[in-house]
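Trainee: I'd like to ask you about the structure that follows.
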Amino acid sequence: MEVINAQDLSKTFRVKRKEKGMRGSFQAIFHPQTQMIRAVDQVSFSVEEGEMLAFIGPNGAGKSTTIKMLTGILYPDGGKVEVLGLDPTRKRKQLAYQIGTVFGQKEQLWVHLTPYDNFRFFGAVYDLTDSETERRIGELSEIFDLADFINTPVRNLSLGQRIRCEIVASLIHRPRVLFLDEPTIGLDPVVKESIRSLIRQMNREFNTTIFLTSHDVGDIEKLCRRIIIVNSGQIVLDDSMEHLKKHYMGRETLEDIIMEIYQSEGKVAMDS
Amino acid sequence: MSTGVKNQLRVCALSVKYNIMREMLNKVTFLTNTCFMMLNNAAFIIQWLILFRLKGDIGGYTMREVMLLWGIACCSFGLSHLLFAGVFSLPELIIGGRLDPFLVQPKSVLLGVMTSSTRISAMGDLAYGVLVMCVFCFSVKRFLLFLLFTVTGAAIITAFALLMGSLCFWFVRGDVFGNYMVNAMVSFFTYPDGIFNGTARFLLYLVIPVGMAVWMPVHVMMEFDAGALFSVVGFAAGLSAVATAAFYRGLRRYASGNLMEARV
């Protein structure tokens, strides 16, 4: 069953431009200049239920913008998108009950509260009863091994512990699709591996669809069976991990393959 | 009440509770903030006592009306900043692309933002307002009106801050103009309306809604007028509806961002 379907999805940002120096600042007051940046340009793809998909690309390629349109944070300028059969812009609330999001660069937790209090809050946000929330905290606390710090304020936790709590908070309502935007950013290799193993477990046990963006090749290689590469707002590759490795046989690592694709696509973009 | 509304109110109540819990983490700061806000407000009584010694009536107000004005202004301001202080940070949230956590939750984005923070000195404002009302001009009828106008006043302050904050969806530095307007409203709260005439009076009733938030309520409490009461309630409801519509209209233009952020 298809859980995500994007057709010609596009998003343009208008960005102000200014000449350098104080003179430029004065000029900008009387003759403001703007530039249109096409962050996502007619992107089309679909994702099946239970899939683990890596959606990657260089910085500024349009990954986060796409994820934000899929989760209802941003309004697309063009195209059509459906997640679990719902339009994220029109049915944002209904969709939010069925998806989870983790933004590695942004915290959703209240840092002065303990993870336990945070999970109680998120339980209320997703309309769970107190007993349901308690049961869910118990289950997830065991899977993610939170017992040692579940009653320590979030601000006193290590980054790895915090990210584990962020993921638990996003899973409290048993989402069918989990969007992970650079979930392992800044983590050490041991913690990264433990997060990856937990994500795999989530996918295996609950058939949760995983939509992952990351710059960490380890995340992509160890978690995902399919990869979509975007560059300059467009999809440049959509393939299975297995086929990609076969196609680029001879390259030592996945990192080499990805680098080659980024560079060749960058060259094409510059040429055009 | 529908289950959806009940659940939304439950989340708002939890949010406010957690905000207050955060502020109470440091007991000394909590107590000093609350007490010093009361003292700060009380210091102005001396200024008014001196003025009324020099002149018996200022802009049609006696000491009793001025105290009632202070009471309603402090309580409205306090209630708004205790429950909905998040609305005053809206420009920073929009400019910094920090609305994302509210947008991925299955609840009202607006209520989530509004109840996302509190200003603990607002408790001092609330306590001072009630105290002044009870000491200087208490009657049961007036007290009930006072409670109603505290709610309408808080609604007008919050809605005006929301409307001004929402300008940031359209203008990059809309926060500067918005903050000036909100600060102007607060500055004029404690002056008698009789000292303003013509255009200034018109502006302070309809553009910067000081008149509807505090002045007209004071007149109604001193001399009951059902028409004026309904005007205040209607204005509060109308302004709230306009501000809410502006926020959701602007939200379509929200551009998010990639700054490293923490919810504190």
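In the structure tokens, chains take letters A, B, ... by order of appearance, with residues numbered from 1 within each chain and ligands from 1 in the order shown.
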With a distance threshold of 10 Å and counting only C-alpha atoms, extract the residues of chain B near chain A and express them as a PyMOL selection string.

Mentor: chain B and resi 3-4+6-8+10-12+14-15+18-19+21-23+25+98-109+116+172+251-264

Trainee: Quick one: DSSP strand (DSSP E) residues in region 30-168 of chain A, as a PyMOL selection string?

Mentor: chain A and resi 33-48+52-56+78-83+99-103

Trainee: Pick from A:Ser194, A:Gln263, A:Gln33, A:Thr184: nearest to Asp145 (chain A), with only C-alpha atoms counted?

Mentor: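 That would be A:Ser194, the residue with the smallest distance to Asp145 (chain A).
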
Trainee: Record the distance separating CA of Leu254 (chain A) and CA of Ile220 (chain A), expressed in Å with one decimal.

Mentor: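 Interatomic distance, CA of Leu254 (chain A) to CA of Ile220 (chain A): 9.0 Å.
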
Trainee: So how far away is CA of Gly129 (chain B) from CA of Leu79 (chain B), in Å?

Mentor: 10.4 Å

Trainee: Return as a PyMOL selection string the full set of residues in region 118-232 of chain A whose backbone-based DSSP assignment is alpha helix (DSSP H).

Mentor: chain A and resi 118-125+130-143+159-171+189-206+217-223

Trainee: Using only C-alpha atoms, which of B:Leu203, B:Ser76, B:Asp193, B:His81 sits nearest Leu147 (chain B)?

Mentor: B:Ser76

Trainee: Considering only C-alpha atoms, can you say which of A:Ala6, A:Ile29, A:Lys63, A:Val47 comes closest to Asn231 (chain A)?

Mentor: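 Once distances to Asn231 (chain A) are computed over only C-alpha atoms, the minimum belongs to A:Lys63.
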
Trainee: B:Ser117, B:Asn40, B:Ser187, B:Ser80: which is nearest Ile20 (chain B), counting only C-alpha atoms?

Mentor: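 So, comparing all the options, the nearest one is B:Ser117.
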
Trainee: Please indicate the distance in Å from CA of Ser264 (chain A) to CA of Gly186 (chain A), rounded to one decimal place.

Mentor: 28.1 Å

Trainee: Please provide the set of residues having any atom within 12 Å of Gly138 (chain A), restricted to only C-alpha atoms, with same-chain residues fewer than 4 positions apart removed, written as a list in words.

Mentor: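 Using only C-alpha atoms, the neighbours found are Tyr116, Phe119, Arg120, Ser131, Glu132, Thr133, Glu134, Glu142, Ile143, Phe144, Asp145, Leu146, Ala147, Ile150, Val168 and Ile172 of chain A.
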
Trainee: Determine, counting only C-alpha atoms, which protein, DNA and RNA residues have an atom within 12 Å of an atom of His243 (chain A); residues of the same chain fewer than 4 positions away are not included. Present the result as a PyMOL selection string.

Mentor: chain A and resi 225-227+237-239+247-249+254

Trainee: May I have the residues from that selection written out with N, CA and C atoms, as a CSV table (one decimal), in the first residue's frame?

Mentor:
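Just written: part.csv:
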chain,number,residue,atom,x,y,z
A,225,ARG,N,16.7,0.5,2.3
A,225,ARG,CA,16.7,-0.4,1.2
A,225,ARG,C,16.5,0.4,-0.1
A,226,ARG,N,16.1,1.6,0.0
A,226,ARG,CA,15.9,2.4,-1.2
A,226,ARG,C,16.5,3.8,-1.0
A,227,ILE,N,16.9,4.4,-2.1
A,227,ILE,CA,17.6,5.7,-1.9
A,227,ILE,C,17.0,6.7,-3.0
A,237,LEU,N,18.2,10.7,-8.7
A,237,LEU,CA,18.3,9.2,-8.7
A,237,LEU,C,17.3,8.6,-7.8
A,238,ASP,N,16.6,7.6,-8.2
A,238,ASP,CA,15.6,6.9,-7.3
A,238,ASP,C,15.8,5.4,-7.6
A,239,ASP,N,16.4,4.7,-6.7
A,239,ASP,CA,16.8,3.3,-7.0
A,239,ASP,C,16.9,2.5,-5.7
A,247,HIS,N,25.3,-1.2,-9.9
A,247,HIS,CA,25.5,-0.3,-11.0
A,247,HIS,C,26.8,0.4,-10.9
A,248,TYR,N,27.2,0.7,-9.7
A,248,TYR,CA,28.5,1.4,-9.5
A,248,TYR,C,29.5,0.5,-8.9
A,249,MET,N,29.5,-0.8,-9.4
A,249,MET,CA,30.4,-1.8,-8.9
A,249,MET,C,31.9,-1.3,-9.2
A,254,LEU,N,29.8,3.2,-0.3
A,254,LEU,CA,28.6,3.9,-0.8
A,254,LEU,C,28.9,5.4,-0.8

Trainee: For Ser44 (chain A), work out the shell of residues within 8 Å, counting only C-alpha atoms and skipping chain neighbours fewer than 2 positions away, then give it as a ChimeraX atom specification.

Mentor: /A:5-9,42,46,235

Trainee: Can you tell me which residues surround region 206-211 of chain A at a distance of at most 9 Å, considering only C-alpha atoms, apart from same-chain residues fewer than 5 positions away, and format the answer as a PyMOL selection string?

Mentor: chain A and resi 3+47-55+67+174-181+199+201+224

Trainee: For the residues in that selection, give me N, CA and C atoms as a PDB file, in the first residue's frame.

Mentor:
ATOM      1  N   VAL A   3       1.953   4.845   0.974  1.00  0.00           N
ATOM      2  CA  VAL A   3       1.679   5.753   2.097  1.00  0.00           C
ATOM      3  C   VAL A   3       2.041   7.200   1.773  1.00  0.00           C
ATOM      4  N   VAL A  47       6.065   6.199  -1.859  1.00  0.00           N
ATOM      5  CA  VAL A  47       6.691   5.328  -0.867  1.00  0.00           C
ATOM      6  C   VAL A  47       5.653   4.305  -0.406  1.00  0.00           C
ATOM      7  N   GLU A  48       6.067   3.041  -0.353  1.00  0.00           N
ATOM      8  CA  GLU A  48       5.162   1.970   0.076  1.00  0.00           C
ATOM      9  C   GLU A  48       5.195   1.811   1.599  1.00  0.00           C
ATOM     10  N   GLU A  49       4.130   1.252   2.148  1.00  0.00           N
ATOM     11  CA  GLU A  49       4.073   1.043   3.591  1.00  0.00           C
ATOM     12  C   GLU A  49       5.195   0.085   4.031  1.00  0.00           C
ATOM     13  N   GLY A  50       5.852   0.432   5.128  1.00  0.00           N
ATOM     14  CA  GLY A  50       6.900  -0.423   5.675  1.00  0.00           C
ATOM     15  C   GLY A  50       8.260  -0.211   5.029  1.00  0.00           C
ATOM     16  N   GLU A  51       8.320   0.672   4.021  1.00  0.00           N
ATOM     17  CA  GLU A  51       9.603   0.924   3.361  1.00  0.00           C
ATOM     18  C   GLU A  51      10.517   1.755   4.260  1.00  0.00           C
ATOM     19  N   MET A  52      11.833   1.567   4.062  1.00  0.00           N
ATOM     20  CA  MET A  52      12.800   2.441   4.745  1.00  0.00           C
ATOM     21  C   MET A  52      13.553   3.175   3.641  1.00  0.00           C
ATOM     22  N   LEU A  53      13.251   4.458   3.506  1.00  0.00           N
ATOM     23  CA  LEU A  53      13.744   5.226   2.372  1.00  0.00           C
ATOM     24  C   LEU A  53      14.725   6.309   2.815  1.00  0.00           C
ATOM     25  N   ALA A  54      15.864   6.380   2.119  1.00  0.00           N
ATOM     26  CA  ALA A  54      16.808   7.478   2.370  1.00  0.00           C
ATOM     27  C   ALA A  54      16.562   8.555   1.335  1.00  0.00           C
ATOM     28  N   PHE A  55      16.328   9.767   1.798  1.00  0.00           N
ATOM     29  CA  PHE A  55      16.077  10.895   0.904  1.00  0.00           C
ATOM     30  C   PHE A  55      17.244  11.848   1.126  1.00  0.00           C
ATOM     31  N   ILE A  67      10.512  17.361   3.159  1.00  0.00           N
ATOM     32  CA  ILE A  67       9.978  16.729   4.379  1.00  0.00           C
ATOM     33  C   ILE A  67       8.956  17.658   5.039  1.00  0.00           C
ATOM     34  N   ARG A 174       2.146   5.759  18.298  1.00  0.00           N
ATOM     35  CA  ARG A 174       2.282   4.694  17.297  1.00  0.00           C
ATOM     36  C   ARG A 174       2.075   5.208  15.876  1.00  0.00           C
ATOM     37  N   PRO A 175       2.941   6.102  15.410  1.00  0.00           N
ATOM     38  CA  PRO A 175       2.758   6.633  14.049  1.00  0.00           C
ATOM     39  C   PRO A 175       3.001   5.562  12.994  1.00  0.00           C
ATOM     40  N   ARG A 176       2.337   5.708  11.865  1.00  0.00           N
ATOM     41  CA  ARG A 176       2.521   4.735  10.777  1.00  0.00           C
ATOM     42  C   ARG A 176       3.705   5.137   9.900  1.00  0.00           C
ATOM     43  N   VAL A 177       3.981   6.448   9.871  1.00  0.00           N
ATOM     44  CA  VAL A 177       5.128   6.927   9.094  1.00  0.00           C
ATOM     45  C   VAL A 177       5.998   7.789  10.013  1.00  0.00           C
ATOM     46  N   LEU A 178       7.288   7.524   9.994  1.00  0.00           N
ATOM     47  CA  LEU A 178       8.197   8.311  10.827  1.00  0.00           C
ATOM     48  C   LEU A 178       9.160   9.088   9.921  1.00  0.00           C
ATOM     49  N   PHE A 179       9.125  10.427  10.055  1.00  0.00           N
ATOM     50  CA  PHE A 179      10.031  11.280   9.276  1.00  0.00           C
ATOM     51  C   PHE A 179      11.220  11.638  10.155  1.00  0.00           C
ATOM     52  N   LEU A 180      12.397  11.268   9.698  1.00  0.00           N
ATOM     53  CA  LEU A 180      13.603  11.540  10.483  1.00  0.00           C
ATOM     54  C   LEU A 180      14.510  12.466   9.674  1.00  0.00           C
ATOM     55  N   ASP A 181      14.701  13.680  10.168  1.00  0.00           N
ATOM     56  CA  ASP A 181      15.543  14.644   9.461  1.00  0.00           C
ATOM     57  C   ASP A 181      16.869  14.749  10.224  1.00  0.00           C
ATOM     58  N   ILE A 199      15.708   2.074  15.284  1.00  0.00           N
ATOM     59  CA  ILE A 199      14.847   2.407  14.133  1.00  0.00           C
ATOM     60  C   ILE A 199      14.517   1.135  13.348  1.00  0.00           C
ATOM     61  N   GLN A 201      14.389  -1.843  14.532  1.00  0.00           N
ATOM     62  CA  GLN A 201      13.455  -2.621  15.357  1.00  0.00           C
ATOM     63  C   GLN A 201      12.024  -2.104  15.196  1.00  0.00           C
ATOM     64  N   CYS A 224      18.526   1.775   5.116  1.00  0.00           N
ATOM     65  CA  CYS A 224      17.579   1.917   4.002  1.00  0.00           C
ATOM     66  C   CYS A 224      17.796   0.924   2.872  1.00  0.00           C
TER      67      CYS A 224
END

Trainee: Could you produce a table of the residues of region 134-213 of chain B lying within 9 Å of region 47-64 of chain B, with the nearest pair of atoms per residue and their separation in Å rounded to one decimal, using only C-alpha atoms, ordered by chain and increasing residue number, as CSV?

Mentor:
residue,atom,partner,partner_atom,distance
B:Phe136,CA,B:Arg64,CA,6.1
B:Cys137,CA,B:Arg64,CA,6.6
B:Tyr191,CA,B:Gly59,CA,8.9
B:Pro192,CA,B:Gly59,CA,5.9
B:Asp193,CA,B:Gly59,CA,6.6
B:Gly194,CA,B:Gly59,CA,3.9
B:Ile195,CA,B:Gly59,CA,4.7
B:Phe196,CA,B:Gly59,CA,8.1
